[in-house]
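For reference, my_file02.cif is printed below; it contains mmCIF, C-alpha atoms.
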data_model
loop_
_atom_site.group_PDB
_atom_site.id
_atom_site.type_symbol
_atom_site.label_atom_id
_atom_site.label_comp_id
_atom_site.auth_asym_id
_atom_site.auth_seq_id
_atom_site.Cartn_x
_atom_site.Cartn_y
_atom_site.Cartn_z
ATOM 1 C CA THR A 1 15.027 -20.711 5.911
ATOM 2 C CA VAL A 2 14.331 -17.383 7.592
ATOM 3 C CA PHE A 3 12.295 -16.997 10.753
ATOM 4 C CA CYS A 4 11.041 -13.615 11.967
ATOM 5 C CA GLU A 5 10.292 -13.407 15.686
ATOM 6 C CA CYS A 6 10.641 -10.383 17.946
ATOM 7 C CA ASP A 7 9.923 -12.301 21.167
ATOM 8 C CA PRO A 8 13.409 -13.095 22.554
ATOM 9 C CA THR A 9 12.245 -16.186 24.440
ATOM 10 C CA LYS A 10 10.853 -17.705 21.264
ATOM 11 C CA HIS A 11 13.662 -16.897 18.859
ATOM 12 C CA ALA A 12 16.313 -17.954 21.392
ATOM 13 C CA HIS A 13 14.684 -21.373 21.604
ATOM 14 C CA LEU A 14 14.611 -21.699 17.825
ATOM 15 C CA VAL A 15 18.283 -20.824 17.434
ATOM 16 C CA LYS A 16 19.195 -23.469 19.998
ATOM 17 C CA GLN A 17 17.255 -26.119 18.138
ATOM 18 C CA ARG A 18 18.633 -25.572 14.653
ATOM 19 C CA ASP A 19 21.670 -23.842 13.247
ATOM 20 C CA ASN A 20 20.463 -23.569 9.658
ATOM 21 C CA ILE A 21 17.743 -20.993 10.340
ATOM 22 C CA GLY A 22 18.296 -17.290 9.924
ATOM 23 C CA VAL A 23 16.457 -15.328 12.603
ATOM 24 C CA ILE A 24 15.272 -11.729 12.348
ATOM 25 C CA THR A 25 14.579 -10.446 15.840
ATOM 26 C CA LYS A 26 12.974 -7.125 14.994
ATOM 27 C CA LYS A 27 9.263 -6.418 14.836
ATOM 28 C CA ILE A 28 8.045 -6.982 11.282
ATOM 29 C CA THR A 29 5.998 -4.234 9.638
ATOM 30 C CA PRO A 30 4.850 -3.427 6.104
ATOM 31 C CA GLU A 31 7.513 -0.720 6.088
ATOM 32 C CA ASN A 32 10.504 -2.921 6.932
ATOM 33 C CA ILE A 33 9.740 -6.448 5.717
ATOM 34 C CA ILE A 34 11.645 -6.168 2.434
ATOM 35 C CA ASP A 35 14.607 -4.261 3.891
ATOM 36 C CA LEU A 36 14.987 -6.728 6.753
ATOM 37 C CA LEU A 37 15.035 -9.662 4.399
ATOM 38 C CA THR A 38 17.412 -8.123 1.883
ATOM 39 C CA LYS A 39 19.789 -6.120 4.067
ATOM 40 C CA GLU A 40 19.903 -7.808 7.442
ATOM 41 C CA MET A 41 19.815 -11.395 6.235
ATOM 42 C CA ASN A 42 22.000 -10.780 3.177
ATOM 43 C CA LYS A 43 20.981 -14.143 1.753
ATOM 44 C CA SER A 44 20.912 -15.164 -1.869
ATOM 45 C CA PHE A 45 17.382 -16.510 -1.466
ATOM 46 C CA ILE A 46 16.024 -12.994 -1.773
ATOM 47 C CA ASP A 47 17.159 -12.945 -5.414
ATOM 48 C CA ARG A 48 14.440 -15.461 -6.190
ATOM 49 C CA ASP A 49 10.928 -16.014 -4.985
ATOM 50 C CA PRO A 50 10.677 -18.161 -1.853
ATOM 51 C CA ASP A 51 8.926 -21.511 -2.011
ATOM 52 C CA LEU A 52 6.852 -20.884 1.107
ATOM 53 C CA VAL A 53 5.760 -17.912 3.204
ATOM 54 C CA ASP A 54 3.982 -18.567 6.503
ATOM 55 C CA ILE A 55 2.588 -15.461 8.192
ATOM 56 C CA ASP A 56 1.092 -15.261 11.681
ATOM 57 C CA ILE A 57 1.421 -11.824 13.263
ATOM 58 C CA ASP A 58 -1.844 -11.610 15.234
ATOM 59 C CA GLY A 59 -2.452 -8.156 13.884
ATOM 60 C CA TYR A 60 -1.820 -6.359 10.633
ATOM 61 C CA ASP A 61 -0.930 -9.540 8.720
ATOM 62 C CA TYR A 62 -2.721 -8.285 5.614
ATOM 63 C CA TYR A 63 -0.464 -5.273 5.146
ATOM 64 C CA VAL A 64 2.775 -7.183 5.709
ATOM 65 C CA LEU A 65 1.698 -9.809 3.203
ATOM 66 C CA GLU A 66 0.608 -7.111 0.753
ATOM 67 C CA ALA A 67 4.019 -5.428 1.008
ATOM 68 C CA LEU A 68 5.842 -8.729 0.542
ATOM 69 C CA LEU A 69 3.791 -9.654 -2.522
ATOM 70 C CA LYS A 70 4.737 -6.412 -4.230
ATOM 71 C CA GLU A 71 8.326 -7.711 -4.391
ATOM 72 C CA HIS A 72 8.060 -11.492 -4.255
ATOM 73 C CA LYS A 73 5.635 -14.207 -5.290
ATOM 74 C CA PRO A 74 6.170 -17.355 -3.195
ATOM 75 C CA THR A 75 4.796 -20.602 -4.564
ATOM 76 C CA LEU A 76 2.723 -21.294 -1.457
ATOM 77 C CA ILE A 77 1.334 -18.954 1.182
ATOM 78 C CA VAL A 78 0.080 -20.014 4.583
ATOM 79 C CA ALA A 79 -1.635 -17.153 6.383
ATOM 80 C CA GLU A 80 -3.471 -16.976 9.676
ATOM 81 C CA ILE A 81 -6.981 -15.593 9.429
ATOM 82 C CA ASN A 82 -9.375 -14.300 12.049
ATOM 83 C CA GLU A 83 -11.620 -17.342 11.845
ATOM 84 C CA LYS A 84 -14.429 -15.697 13.780
ATOM 85 C CA ILE A 85 -15.279 -13.393 10.877
ATOM 86 C CA PRO A 86 -17.167 -15.243 8.125
ATOM 87 C CA PRO A 87 -17.433 -14.559 4.408
ATOM 88 C CA PRO A 88 -18.339 -12.366 2.667
ATOM 89 C CA ILE A 89 -17.158 -9.856 5.273
ATOM 90 C CA LYS A 90 -13.776 -8.319 4.494
ATOM 91 C CA PHE A 91 -12.007 -7.313 7.697
ATOM 92 C CA THR A 92 -8.462 -6.338 8.592
ATOM 93 C CA VAL A 93 -6.717 -4.599 11.452
ATOM 94 C CA LYS A 94 -5.042 -1.467 10.148
ATOM 95 C CA TYR A 95 -1.292 -1.121 10.407
ATOM 96 C CA HIS A 96 0.045 1.012 13.233
ATOM 97 C CA GLN A 97 3.640 0.926 14.403
ATOM 98 C CA ASP A 98 2.616 0.647 18.067
ATOM 99 C CA TYR A 99 0.156 -2.204 17.579
ATOM 100 C CA TRP A 100 0.419 -5.287 19.782
ATOM 101 C CA TRP A 101 -2.207 -8.001 20.063
ATOM 102 C CA ASP A 102 -4.166 -7.630 23.298
ATOM 103 C CA THR A 103 -5.261 -11.339 23.254
ATOM 104 C CA SER A 104 -8.835 -10.366 22.372
ATOM 105 C CA HIS A 105 -10.855 -11.270 19.269
ATOM 106 C CA PHE A 106 -9.458 -8.151 17.610
ATOM 107 C CA TYR A 107 -6.639 -9.197 15.297
ATOM 108 C CA GLY A 108 -5.718 -10.206 11.781
ATOM 109 C CA MET A 109 -7.793 -10.469 8.646
ATOM 110 C CA SER A 110 -10.869 -12.384 7.582
ATOM 111 C CA ILE A 111 -10.647 -15.115 4.974
ATOM 112 C CA SER A 112 -12.548 -12.940 2.491
ATOM 113 C CA LYS A 113 -10.031 -10.131 2.906
ATOM 114 C CA ALA A 114 -7.184 -12.607 2.437
ATOM 115 C CA SER A 115 -8.921 -14.004 -0.635
ATOM 116 C CA GLU A 116 -9.162 -10.512 -2.103
ATOM 117 C CA LEU A 117 -5.389 -10.128 -1.802
ATOM 118 C CA PHE A 118 -4.743 -13.614 -3.190
ATOM 119 C CA GLU A 119 -6.890 -13.027 -6.240
ATOM 120 C CA LYS A 120 -5.219 -9.694 -6.928
ATOM 121 C CA ASN A 121 -1.812 -11.380 -6.938
ATOM 122 C CA GLY A 122 -2.638 -14.538 -8.876
ATOM 123 C CA TYR A 123 -3.243 -17.053 -6.083
ATOM 124 C CA GLU A 124 -6.057 -19.475 -5.360
ATOM 125 C CA ILE A 125 -7.183 -21.032 -2.085
ATOM 126 C CA ILE A 126 -6.531 -24.764 -1.799
ATOM 127 C CA ASN A 127 -7.163 -25.426 1.893
ATOM 128 C CA LEU A 128 -8.115 -24.028 5.288
ATOM 129 C CA THR A 129 -7.180 -25.589 8.615
ATOM 130 C CA PHE A 130 -9.639 -23.718 10.824
ATOM 131 C CA ASN A 131 -7.590 -20.501 11.118
ATOM 132 C CA ASN A 132 -4.834 -20.948 8.539
ATOM 133 C CA VAL A 133 -5.591 -20.483 4.868
ATOM 134 C CA TYR A 134 -3.418 -22.021 2.143
ATOM 135 C CA ALA A 135 -3.033 -20.337 -1.231
ATOM 136 C CA ILE A 136 -0.919 -21.364 -4.210
ATOM 137 C CA LYS A 137 0.174 -19.616 -7.392
ATOM 138 C CA LYS A 138 -2.386 -20.424 -10.056
ATOM 139 C CA GLU A 139 0.259 -21.509 -12.550
ATOM 140 C CA GLU A 140 1.803 -23.859 -9.981
ATOM 141 C CA ASN A 141 -1.439 -25.595 -9.050
ATOM 142 C CA LYS A 142 -1.522 -28.889 -10.911
ATOM 143 C CA ASN A 143 -3.663 -31.113 -8.698
ATOM 144 C CA PHE A 144 -5.145 -29.254 -5.727
ATOM 145 C CA PRO A 145 -8.869 -28.490 -5.644
ATOM 146 C CA VAL A 146 -9.695 -24.781 -5.556
ATOM 147 C CA TYR A 147 -12.106 -23.147 -3.111
ATOM 148 C CA THR A 148 -13.740 -19.781 -2.866
ATOM 149 C CA ALA A 149 -13.463 -18.096 0.522
ATOM 150 C CA GLU A 150 -17.057 -19.098 1.239
ATOM 151 C CA GLU A 151 -16.521 -22.737 0.260
ATOM 152 C CA ALA A 152 -13.321 -23.079 2.287
ATOM 153 C CA TYR A 153 -14.853 -21.446 5.351
ATOM 154 C CA ASP A 154 -18.008 -23.550 5.281
ATOM 155 C CA THR A 155 -16.119 -26.803 4.674
ATOM 156 C CA PHE A 156 -13.065 -26.406 6.892
ATOM 157 C CA TYR A 157 -14.339 -24.234 9.731
ATOM 158 C CA LYS A 158 -18.076 -23.805 10.013
ATOM 159 C CA LYS A 159 -18.903 -27.494 9.416
ATOM 160 C CA ALA A 160 -15.626 -28.975 10.667
ATOM 161 C CA GLY A 161 -16.236 -29.056 14.415
ATOM 162 C CA TRP A 162 -14.681 -25.726 15.379
ATOM 163 C CA GLU A 163 -16.458 -25.829 18.749
ATOM 164 C CA LYS A 164 -13.949 -28.264 20.269
ATOM 165 C CA ASP A 165 -10.637 -26.493 19.649
ATOM 166 C CA PHE A 166 -12.035 -22.992 19.239
ATOM 167 C CA TYR A 167 -14.380 -23.026 22.219
ATOM 168 C CA TYR A 168 -13.313 -19.456 23.045
ATOM 169 C CA ASN A 169 -15.240 -18.299 19.971
ATOM 170 C CA LYS A 170 -18.594 -19.343 21.453
ATOM 171 C CA ASN A 171 -19.352 -15.782 22.583
ATOM 172 C CA VAL A 172 -19.405 -14.635 18.951
ATOM 173 C CA GLU A 173 -20.974 -17.752 17.461
ATOM 174 C CA GLU A 174 -23.894 -15.721 16.147
ATOM 175 C CA TRP A 175 -21.511 -14.124 13.628
ATOM 176 C CA ILE A 176 -21.558 -17.312 11.553
ATOM 177 C CA LYS A 177 -25.306 -17.760 11.751
ATOM 178 C CA LYS A 178 -26.843 -14.438 10.708
ATOM 179 C CA ASP A 179 -27.086 -12.518 7.456
ATOM 180 C CA PRO A 180 -23.941 -10.573 6.456
ATOM 181 C CA GLU A 181 -25.517 -7.135 6.931
ATOM 182 C CA ILE A 182 -26.518 -8.012 10.488
ATOM 183 C CA VAL A 183 -23.116 -9.568 11.206
ATOM 184 C CA LEU A 184 -21.436 -6.412 9.984
ATOM 185 C CA GLN A 185 -23.391 -4.427 12.557
ATOM 186 C CA LEU A 186 -22.673 -6.967 15.305
ATOM 187 C CA ILE A 187 -18.930 -6.883 14.663
ATOM 188 C CA THR A 188 -18.869 -3.091 14.533
ATOM 189 C CA THR A 189 -20.627 -2.936 17.901
ATOM 190 C CA PHE A 190 -18.386 -5.632 19.397
ATOM 191 C CA PHE A 191 -15.245 -3.777 18.279
ATOM 192 C CA GLU A 192 -16.546 -0.382 19.346
ATOM 193 C CA LYS A 193 -13.458 0.457 21.395
ATOM 194 C CA TYR A 194 -11.265 -0.196 18.339
ATOM 195 C CA GLU A 195 -13.056 2.316 16.140
ATOM 196 C CA GLY A 196 -10.740 3.695 13.462
ATOM 197 C CA LYS A 197 -8.245 0.856 13.925
ATOM 198 C CA TYR A 198 -9.707 -1.560 11.436
ATOM 199 C CA GLU A 199 -11.317 -1.796 8.019
ATOM 200 C CA ILE A 200 -14.534 -3.717 7.435
ATOM 201 C CA TYR A 201 -16.981 -3.999 4.556
ATOM 202 C CA ILE A 202 -18.928 -6.496 2.478
#
Translate the structure described by the file into C-alpha cells.
Amino acid sequence: TVFCECDPTKHAHLVKQRDNIGVITKKITPENIIDLLTKEMNKSFIDRDPDLVDIDIDGYDYYVLEALLKEHKPTLIVAEINEKIPPPIKFTVKYHQDYWWDTSHFYGMSISKASELFEKNGYEIINLTFNNVYAIKKEENKNFPVYTAEEAYDTFYKKAGWEKDFYYNKNVEEWIKKDPEIVLQLITTFFEKYEGKYEIYI
C-alpha cells in the first residue's frame, strides 16, 4: 500500500497508525507521479498493475490520473469528482505546478470528464457516492451494473439527497436544473476569475 500526502500533519498521523504503508510526502503532479512511485518507493508492486487507485487531489486530478493510466491499469479506480458540475459538461482544472485548492467550488473534474478518460482507457462506471466515482476495467467486471455518467449522476447525486451533506452547493443548485448550454454559461461566469485555468466544453 502506498499513500501520497504532502501535508506533514496528515502523513505523520498515517505513519503512526500503520507501519505497512509506504508514504510519499511530495506534492503529486502529472510530471512526477510515475517517477515517485518507481524510484522513491522502490517497491515491487510497480512491476504489476495495482488493484486499486484512489485519487483525491482537489485540483488537477484528471491529469495525474491520465499520466498514471499511460503506465498502469489498476483493476478499480476511485476518483473524486466536482459533483457540482453535471453531465454532459466536461470540466477539469488545468495542471499548474503552483496550484493549490483555495477551498472554493473551483477544483477537480466533472463526472463527464472522468467518464471520457475511463472510456478511453477501457473502464466503465459502476458506482458514484455523491462525489466519488468508481470505475472498473471492463474485462474485470463480472457482476456490477454499468452506468453512463448521466445515469450515475442522476441516480447517486441529483436524486440521492445531496442537499443534506452537500448543503454548501446550494448557491450553485441551478447548475443541475437548467439546460447544458445555459449551465455552461453560468459556470463560465461563476469561474470568471479563473479564466485560462480550466477546460470546459459539452
Neighbour residues at most 7 Å from (-7.2, -25.8, -4.2) (all atoms listed in the file) as number ranges by chain: A: 124-127, 144-147
On this file, the PyMOL selection byres ((chain A and resi 77-87) around 8) gives some set of residues; write that set as a VMD selection string. chain A and resid 52 to 58 61 74 to 76 88 to 91 105 107 to 112 114 130 to 136 149 to 150 153 157 169 172 to 173 175 to 176 180
Exercise: Glu31 (chain A) partners within 12 Å, all atoms listed in the file, chain neighbours under 2 positions left out, as a PDB file with C-alpha atoms, keeping the file's coordinate frame:
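After the write, selection.pdb holds the following:
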ATOM      1  CA  LYS A  27       9.263  -6.418  14.836  1.00  0.00           C
ATOM      2  CA  ILE A  28       8.045  -6.982  11.282  1.00  0.00           C
ATOM      3  CA  THR A  29       5.998  -4.234   9.638  1.00  0.00           C
ATOM      4  CA  ILE A  33       9.740  -6.448   5.717  1.00  0.00           C
ATOM      5  CA  ILE A  34      11.645  -6.168   2.434  1.00  0.00           C
ATOM      6  CA  ASP A  35      14.607  -4.261   3.891  1.00  0.00           C
ATOM      7  CA  LEU A  36      14.987  -6.728   6.753  1.00  0.00           C
ATOM      8  CA  LEU A  37      15.035  -9.662   4.399  1.00  0.00           C
ATOM      9  CA  TYR A  60      -1.820  -6.359  10.633  1.00  0.00           C
ATOM     10  CA  TYR A  63      -0.464  -5.273   5.146  1.00  0.00           C
ATOM     11  CA  VAL A  64       2.775  -7.183   5.709  1.00  0.00           C
ATOM     12  CA  LEU A  65       1.698  -9.809   3.203  1.00  0.00           C
ATOM     13  CA  GLU A  66       0.608  -7.111   0.753  1.00  0.00           C
ATOM     14  CA  ALA A  67       4.019  -5.428   1.008  1.00  0.00           C
ATOM     15  CA  LEU A  68       5.842  -8.729   0.542  1.00  0.00           C
ATOM     16  CA  TYR A  95      -1.292  -1.121  10.407  1.00  0.00           C
ATOM     17  CA  HIS A  96       0.045   1.012  13.233  1.00  0.00           C
ATOM     18  CA  GLN A  97       3.640   0.926  14.403  1.00  0.00           C
TER      19      GLN A  97
END
Tell me, in Å to one decimal, how far CA of Thr92 (chain A) is from CA of Asn121 (chain A).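 These atoms are spaced 17.6 Å apart.
Between CA of Phe166 (chain A) and CA of Thr129 (chain A) the separation is 12.0 Å.
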Kindly resolve the PyMOL selection byres ((chain A and resi 188-193) around 12) on the present coordinates and return the residues as a ChimeraX atom specification. /A:85,89,91,93,104-107,171-172,174-175,181-187,194-201
At what distance in Å, to one decimal, does CA of Glu116 (chain A) lie from CA of Trp162 (chain A)?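 If I compute the distance from CA of Trp162 (chain A) to CA of Glu116 (chain A), I get 23.8 Å.
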